[in-house]
Amino acid sequence: MARLSERKTYREQVMKALYKATEGNRLLGITGAKLHDELGIDAQDLAAACTYLAGEGLVTVDWVAGNTPAMVSLTHQGIRLMEAEEEHG
């Protein structure tokens with residue numbers, strides 16, 4: 001399992017990848033496989049990051065067997081967070 005600093009980095013990477021891929025549109029999402037390939041995050045750590053972000057209300061996740069994210073999308077709250085970071089960035 002990843003250390004705290006790594007887990008925070010993974011969460012941030014997932015949010016940035018989602019925001020970039022969907023251009024802030026909550027009707028769009030990205031597959032877990034694409035996130036895994038694009039970010040190079042271990043499958044277990046990716047699932048943990050998605051679970052955490054979903055618990056915070058920042059993303060929604062459709063899961064497949066094996067605790068694997070099939071599709072991940074930003075919520076309205078997630079989009080607002082990313083827009084605020086972009087404005088102050």
# chains A, B, ... in the order shown; residues from 1 in each chain; ligands from 1

$ residues_around --residues "A:Thr22" --least-positions-apart "5" --cutoff "10 Å" --atoms "only C-alpha atoms" --output "list in words"
Lys16, Ala17, Leu27, Leu28, Gly29, Ile30, Ser73, Leu74 and Ile79 of chain A

$ write_last_selection --atoms "N, CA and C atoms" --output "PDB file, in the first residue's frame"
ATOM      1  N   LYS A  16      -6.831  15.616 -11.921  1.00  0.00           N
ATOM      2  CA  LYS A  16      -6.313  16.387 -13.050  1.00  0.00           C
ATOM      3  C   LYS A  16      -6.567  15.675 -14.369  1.00  0.00           C
ATOM      4  N   ALA A  17      -6.366  14.362 -14.396  1.00  0.00           N
ATOM      5  CA  ALA A  17      -6.599  13.595 -15.626  1.00  0.00           C
ATOM      6  C   ALA A  17      -8.071  13.629 -16.021  1.00  0.00           C
ATOM      7  N   LEU A  27     -20.943  15.126 -17.570  1.00  0.00           N
ATOM      8  CA  LEU A  27     -21.626  14.071 -18.309  1.00  0.00           C
ATOM      9  C   LEU A  27     -20.637  13.115 -18.968  1.00  0.00           C
ATOM     10  N   LEU A  28     -19.376  13.492 -18.972  1.00  0.00           N
ATOM     11  CA  LEU A  28     -18.337  12.651 -19.553  1.00  0.00           C
ATOM     12  C   LEU A  28     -17.530  11.995 -18.453  1.00  0.00           C
ATOM     13  N   GLY A  29     -16.860  10.925 -18.807  1.00  0.00           N
ATOM     14  CA  GLY A  29     -16.011  10.238 -17.842  1.00  0.00           C
ATOM     15  C   GLY A  29     -14.824   9.629 -18.547  1.00  0.00           C
ATOM     16  N   ILE A  30     -14.043   8.895 -17.799  1.00  0.00           N
ATOM     17  CA  ILE A  30     -12.872   8.221 -18.347  1.00  0.00           C
ATOM     18  C   ILE A  30     -12.841   6.818 -17.736  1.00  0.00           C
ATOM     19  N   SER A  73     -16.184   9.659 -13.283  1.00  0.00           N
ATOM     20  CA  SER A  73     -16.639  10.972 -13.739  1.00  0.00           C
ATOM     21  C   SER A  73     -16.542  11.977 -12.609  1.00  0.00           C
ATOM     22  N   LEU A  74     -16.310  13.221 -12.956  1.00  0.00           N
ATOM     23  CA  LEU A  74     -16.309  14.292 -11.966  1.00  0.00           C
ATOM     24  C   LEU A  74     -17.740  14.632 -11.565  1.00  0.00           C
ATOM     25  N   ILE A  79     -15.804  19.364 -10.216  1.00  0.00           N
ATOM     26  CA  ILE A  79     -15.546  20.359 -11.263  1.00  0.00           C
ATOM     27  C   ILE A  79     -15.257  21.717 -10.630  1.00  0.00           C
TER      28      ILE A  79
END

$ residues_around --residues "A:Ala47" --least-positions-apart "3" --cutoff "10 Å" --atoms "only C-alpha atoms" --output "list in words"
Gly32, His36, Ile41, Asp42, Ala43, Gln44, Cys50, Thr51, Tyr52, Leu53, Val61, Trp63, Gly66, Asn67, Thr68 and Pro69 of chain A

$ select_by_dssp --residues "chain A" --states "alpha helix (DSSP H)" --output "PyMOL selection string"
chain A and resi 4-22+32-39+43-55+76-88

$ write_last_selection --atoms "N, CA and C atoms" --output "short mmCIF file (atom, residue, chain, number, x, y, z; two decimals), in the first residue's frame"
data_model
loop_
_atom_site.label_atom_id
_atom_site.label_comp_id
_atom_site.auth_asym_id
_atom_site.auth_seq_id
_atom_site.Cartn_x
_atom_site.Cartn_y
_atom_site.Cartn_z
N LEU A 4 1.15 7.89 2.61
CA LEU A 4 0.18 9.00 2.57
C LEU A 4 0.52 9.99 1.46
N SER A 5 1.77 10.38 1.34
CA SER A 5 2.15 11.36 0.31
C SER A 5 1.87 10.80 -1.09
N GLU A 6 2.10 9.51 -1.28
CA GLU A 6 1.82 8.89 -2.58
C GLU A 6 0.32 8.85 -2.84
N ARG A 7 -0.46 8.51 -1.82
CA ARG A 7 -1.91 8.45 -1.99
C ARG A 7 -2.47 9.81 -2.37
N LYS A 8 -1.98 10.87 -1.72
CA LYS A 8 -2.43 12.22 -2.05
C LYS A 8 -2.05 12.57 -3.49
N THR A 9 -0.86 12.18 -3.91
CA THR A 9 -0.42 12.44 -5.28
C THR A 9 -1.31 11.70 -6.27
N TYR A 10 -1.64 10.45 -5.99
CA TYR A 10 -2.50 9.67 -6.88
C TYR A 10 -3.87 10.32 -7.02
N ARG A 11 -4.43 10.78 -5.90
CA ARG A 11 -5.74 11.43 -5.95
C ARG A 11 -5.70 12.68 -6.82
N GLU A 12 -4.65 13.46 -6.63
CA GLU A 12 -4.49 14.68 -7.42
C GLU A 12 -4.33 14.35 -8.90
N GLN A 13 -3.56 13.32 -9.20
CA GLN A 13 -3.36 12.93 -10.60
C GLN A 13 -4.66 12.47 -11.24
N VAL A 14 -5.47 11.73 -10.49
CA VAL A 14 -6.76 11.26 -11.00
C VAL A 14 -7.65 12.46 -11.30
N MET A 15 -7.73 13.41 -10.37
CA MET A 15 -8.57 14.59 -10.57
C MET A 15 -8.12 15.39 -11.79
N LYS A 16 -6.83 15.62 -11.92
CA LYS A 16 -6.31 16.39 -13.05
C LYS A 16 -6.57 15.68 -14.37
N ALA A 17 -6.37 14.36 -14.40
CA ALA A 17 -6.60 13.59 -15.63
C ALA A 17 -8.07 13.63 -16.02
N LEU A 18 -8.95 13.51 -15.04
CA LEU A 18 -10.39 13.57 -15.31
C LEU A 18 -10.79 14.94 -15.85
N TYR A 19 -10.31 15.97 -15.19
CA TYR A 19 -10.66 17.34 -15.59
C TYR A 19 -10.17 17.63 -17.01
N LYS A 20 -8.97 17.21 -17.30
CA LYS A 20 -8.40 17.43 -18.63
C LYS A 20 -9.16 16.64 -19.69
N ALA A 21 -9.42 15.37 -19.42
CA ALA A 21 -10.08 14.51 -20.40
C ALA A 21 -11.52 14.90 -20.67
N THR A 22 -12.21 15.38 -19.64
CA THR A 22 -13.63 15.69 -19.79
C THR A 22 -13.89 17.17 -20.03
N GLY A 32 -11.48 3.39 -16.11
CA GLY A 32 -10.43 3.06 -15.16
C GLY A 32 -9.19 2.54 -15.87
N ALA A 33 -9.40 1.78 -16.95
CA ALA A 33 -8.26 1.25 -17.71
C ALA A 33 -7.44 2.39 -18.31
N LYS A 34 -8.12 3.41 -18.82
CA LYS A 34 -7.39 4.54 -19.40
C LYS A 34 -6.63 5.31 -18.32
N LEU A 35 -7.26 5.51 -17.17
CA LEU A 35 -6.57 6.16 -16.05
C LEU A 35 -5.33 5.36 -15.65
N HIS A 36 -5.51 4.05 -15.56
CA HIS A 36 -4.40 3.17 -15.18
C HIS A 36 -3.25 3.30 -16.18
N ASP A 37 -3.57 3.24 -17.47
CA ASP A 37 -2.55 3.32 -18.51
C ASP A 37 -1.90 4.70 -18.56
N GLU A 38 -2.72 5.73 -18.45
CA GLU A 38 -2.24 7.10 -18.58
C GLU A 38 -1.37 7.52 -17.39
N LEU A 39 -1.78 7.13 -16.20
CA LEU A 39 -1.10 7.58 -14.99
C LEU A 39 -0.08 6.58 -14.46
N ALA A 43 -3.10 -0.83 -9.85
CA ALA A 43 -4.55 -1.01 -9.85
C ALA A 43 -5.16 -0.86 -8.45
N GLN A 44 -4.50 -1.40 -7.44
CA GLN A 44 -5.00 -1.29 -6.06
C GLN A 44 -4.97 0.16 -5.58
N ASP A 45 -3.91 0.88 -5.92
CA ASP A 45 -3.81 2.28 -5.51
C ASP A 45 -4.80 3.15 -6.29
N LEU A 46 -5.05 2.83 -7.55
CA LEU A 46 -6.04 3.57 -8.34
C LEU A 46 -7.43 3.37 -7.74
N ALA A 47 -7.76 2.13 -7.39
CA ALA A 47 -9.06 1.86 -6.78
C ALA A 47 -9.20 2.61 -5.45
N ALA A 48 -8.12 2.64 -4.66
CA ALA A 48 -8.16 3.36 -3.38
C ALA A 48 -8.35 4.85 -3.60
N ALA A 49 -7.67 5.41 -4.60
CA ALA A 49 -7.81 6.84 -4.89
C ALA A 49 -9.24 7.16 -5.33
N CYS A 50 -9.80 6.33 -6.19
CA CYS A 50 -11.17 6.56 -6.67
C CYS A 50 -12.17 6.42 -5.53
N THR A 51 -11.96 5.45 -4.65
CA THR A 51 -12.84 5.26 -3.50
C THR A 51 -12.81 6.48 -2.60
N TYR A 52 -11.62 7.00 -2.34
CA TYR A 52 -11.48 8.18 -1.49
C TYR A 52 -12.17 9.38 -2.13
N LEU A 53 -11.90 9.62 -3.41
CA LEU A 53 -12.47 10.77 -4.10
C LEU A 53 -14.00 10.66 -4.17
N ALA A 54 -14.51 9.46 -4.36
CA ALA A 54 -15.96 9.27 -4.36
C ALA A 54 -16.54 9.56 -2.98
N GLY A 55 -15.84 9.14 -1.95
CA GLY A 55 -16.28 9.41 -0.58
C GLY A 55 -16.31 10.89 -0.26
N HIS A 76 -20.30 17.66 -9.76
CA HIS A 76 -20.33 19.13 -9.81
C HIS A 76 -19.31 19.70 -8.82
N GLN A 77 -19.25 19.13 -7.64
CA GLN A 77 -18.30 19.59 -6.62
C GLN A 77 -16.87 19.40 -7.10
N GLY A 78 -16.59 18.28 -7.77
CA GLY A 78 -15.26 18.02 -8.30
C GLY A 78 -14.86 19.03 -9.36
N ILE A 79 -15.80 19.36 -10.22
CA ILE A 79 -15.55 20.36 -11.26
C ILE A 79 -15.26 21.72 -10.63
N ARG A 80 -16.05 22.09 -9.64
CA ARG A 80 -15.83 23.38 -8.97
C ARG A 80 -14.45 23.45 -8.34
N LEU A 81 -14.03 22.36 -7.71
CA LEU A 81 -12.70 22.31 -7.10
C LEU A 81 -11.61 22.50 -8.15
N MET A 82 -11.73 21.80 -9.26
CA MET A 82 -10.71 21.89 -10.31
C MET A 82 -10.71 23.26 -10.97
N GLU A 83 -11.88 23.87 -11.15
CA GLU A 83 -11.96 25.20 -11.72
C GLU A 83 -11.31 26.22 -10.79
N ALA A 84 -11.54 26.06 -9.49
CA ALA A 84 -10.92 26.97 -8.51
C ALA A 84 -9.41 26.83 -8.55
N GLU A 85 -8.91 25.61 -8.66
CA GLU A 85 -7.45 25.41 -8.76
C GLU A 85 -6.90 26.01 -10.03
N GLU A 86 -7.66 25.89 -11.14
CA GLU A 86 -7.22 26.45 -12.41
C GLU A 86 -7.15 27.98 -12.34
N GLU A 87 -8.14 28.58 -11.68
CA GLU A 87 -8.15 30.04 -11.54
C GLU A 87 -6.99 30.55 -10.70
N HIS A 88 -6.61 29.80 -9.69
CA HIS A 88 -5.55 30.23 -8.78
C HIS A 88 -4.20 29.64 -9.11
#

$ select_by_dssp --residues "chain A" --states "strand (DSSP E)" --output "number ranges by chain"
A: 30-31, 59-64, 68-74

$ write_last_selection --atoms "all heavy atoms" --output "tab-separated table (two decimals), in the first residue's frame"
chain	number	residue	atom	x	y	z
A	30	ILE	N	-14.04	8.89	-17.80
A	30	ILE	CA	-12.87	8.22	-18.35
A	30	ILE	C	-12.84	6.82	-17.74
A	30	ILE	O	-13.21	6.64	-16.58
A	30	ILE	CB	-11.59	9.03	-18.05
A	30	ILE	CG1	-10.38	8.44	-18.76
A	30	ILE	CG2	-11.34	9.17	-16.59
A	30	ILE	CD1	-9.14	9.33	-18.70
A	31	THR	N	-12.43	5.86	-18.51
A	31	THR	CA	-12.41	4.50	-18.01
A	31	THR	C	-11.27	4.31	-17.01
A	31	THR	O	-10.25	4.98	-17.09
A	31	THR	CB	-12.25	3.47	-19.14
A	31	THR	OG1	-10.97	3.64	-19.75
A	31	THR	CG2	-13.36	3.60	-20.18
A	59	VAL	N	-15.99	12.64	-7.23
A	59	VAL	CA	-16.16	11.81	-8.43
A	59	VAL	C	-17.26	10.79	-8.18
A	59	VAL	O	-17.63	10.50	-7.04
A	59	VAL	CB	-14.86	11.06	-8.82
A	59	VAL	CG1	-13.71	12.01	-9.07
A	59	VAL	CG2	-14.48	10.01	-7.80
A	60	THR	N	-17.78	10.26	-9.27
A	60	THR	CA	-18.64	9.08	-9.21
A	60	THR	C	-17.89	7.96	-9.91
A	60	THR	O	-17.14	8.20	-10.87
A	60	THR	CB	-20.01	9.30	-9.89
A	60	THR	OG1	-19.79	9.69	-11.25
A	60	THR	CG2	-20.81	10.37	-9.18
A	61	VAL	N	-18.08	6.75	-9.42
A	61	VAL	CA	-17.36	5.61	-9.96
A	61	VAL	C	-18.33	4.47	-10.23
A	61	VAL	O	-19.14	4.13	-9.37
A	61	VAL	CB	-16.26	5.11	-8.98
A	61	VAL	CG1	-15.46	3.98	-9.60
A	61	VAL	CG2	-15.35	6.25	-8.55
A	62	ASP	N	-18.26	3.91	-11.43
A	62	ASP	CA	-18.95	2.66	-11.75
A	62	ASP	C	-17.90	1.57	-11.62
A	62	ASP	O	-16.84	1.64	-12.25
A	62	ASP	CB	-19.51	2.69	-13.17
A	62	ASP	CG	-20.61	3.73	-13.34
A	62	ASP	OD1	-21.36	3.98	-12.38
A	62	ASP	OD2	-20.70	4.29	-14.44
A	63	TRP	N	-18.19	0.57	-10.80
A	63	TRP	CA	-17.21	-0.48	-10.50
A	63	TRP	C	-17.52	-1.75	-11.27
A	63	TRP	O	-18.67	-2.05	-11.55
A	63	TRP	CB	-17.22	-0.80	-9.00
A	63	TRP	CG	-16.82	0.35	-8.15
A	63	TRP	CD1	-17.65	1.26	-7.54
A	63	TRP	CD2	-15.49	0.76	-7.82
A	63	TRP	NE1	-16.91	2.19	-6.84
A	63	TRP	CE2	-15.58	1.90	-6.99
A	63	TRP	CE3	-14.22	0.27	-8.13
A	63	TRP	CZ2	-14.47	2.56	-6.49
A	63	TRP	CZ3	-13.11	0.91	-7.62
A	63	TRP	CH2	-13.24	2.04	-6.81
A	64	VAL	N	-16.47	-2.51	-11.59
A	64	VAL	CA	-16.62	-3.85	-12.13
A	64	VAL	C	-16.03	-4.82	-11.11
A	64	VAL	O	-15.41	-4.39	-10.14
A	64	VAL	CB	-15.92	-4.02	-13.50
A	64	VAL	CG1	-16.59	-3.16	-14.55
A	64	VAL	CG2	-14.45	-3.71	-13.44
A	68	THR	N	-12.42	-2.81	-9.42
A	68	THR	CA	-11.78	-2.05	-10.49
A	68	THR	C	-12.75	-0.99	-10.99
A	68	THR	O	-13.90	-1.30	-11.30
A	68	THR	CB	-11.41	-2.99	-11.66
A	68	THR	OG1	-10.57	-4.03	-11.14
A	68	THR	CG2	-10.69	-2.25	-12.76
A	69	PRO	N	-12.28	0.27	-11.08
A	69	PRO	CA	-13.18	1.30	-11.61
A	69	PRO	C	-13.39	1.13	-13.12
A	69	PRO	O	-12.42	1.08	-13.89
A	69	PRO	CB	-12.45	2.61	-11.31
A	69	PRO	CG	-11.03	2.24	-11.07
A	69	PRO	CD	-11.00	0.81	-10.65
A	70	ALA	N	-14.64	0.96	-13.52
A	70	ALA	CA	-14.96	0.83	-14.94
A	70	ALA	C	-15.02	2.21	-15.60
A	70	ALA	O	-14.47	2.43	-16.66
A	70	ALA	CB	-16.28	0.10	-15.13
A	71	MET	N	-15.69	3.14	-14.92
A	71	MET	CA	-15.86	4.50	-15.44
A	71	MET	C	-15.83	5.47	-14.26
A	71	MET	O	-16.44	5.22	-13.24
A	71	MET	CB	-17.19	4.63	-16.18
A	71	MET	CG	-17.43	5.99	-16.79
A	71	MET	SD	-16.28	6.44	-18.11
A	71	MET	CE	-16.74	5.31	-19.39
A	72	VAL	N	-15.08	6.55	-14.44
A	72	VAL	CA	-14.96	7.57	-13.39
A	72	VAL	C	-15.34	8.92	-13.99
A	72	VAL	O	-14.89	9.26	-15.08
A	72	VAL	CB	-13.51	7.63	-12.84
A	72	VAL	CG1	-13.43	8.58	-11.65
A	72	VAL	CG2	-13.00	6.24	-12.46
A	73	SER	N	-16.18	9.66	-13.28
A	73	SER	CA	-16.64	10.97	-13.74
A	73	SER	C	-16.54	11.98	-12.61
A	73	SER	O	-16.69	11.62	-11.44
A	73	SER	CB	-18.10	10.90	-14.19
A	73	SER	OG	-18.29	9.95	-15.19
A	74	LEU	N	-16.31	13.22	-12.96
A	74	LEU	CA	-16.31	14.29	-11.97
A	74	LEU	C	-17.74	14.63	-11.57
A	74	LEU	O	-18.65	14.61	-12.40
A	74	LEU	CB	-15.66	15.55	-12.54
A	74	LEU	CG	-14.15	15.53	-12.74
A	74	LEU	CD1	-13.72	16.74	-13.54
A	74	LEU	CD2	-13.43	15.48	-11.41
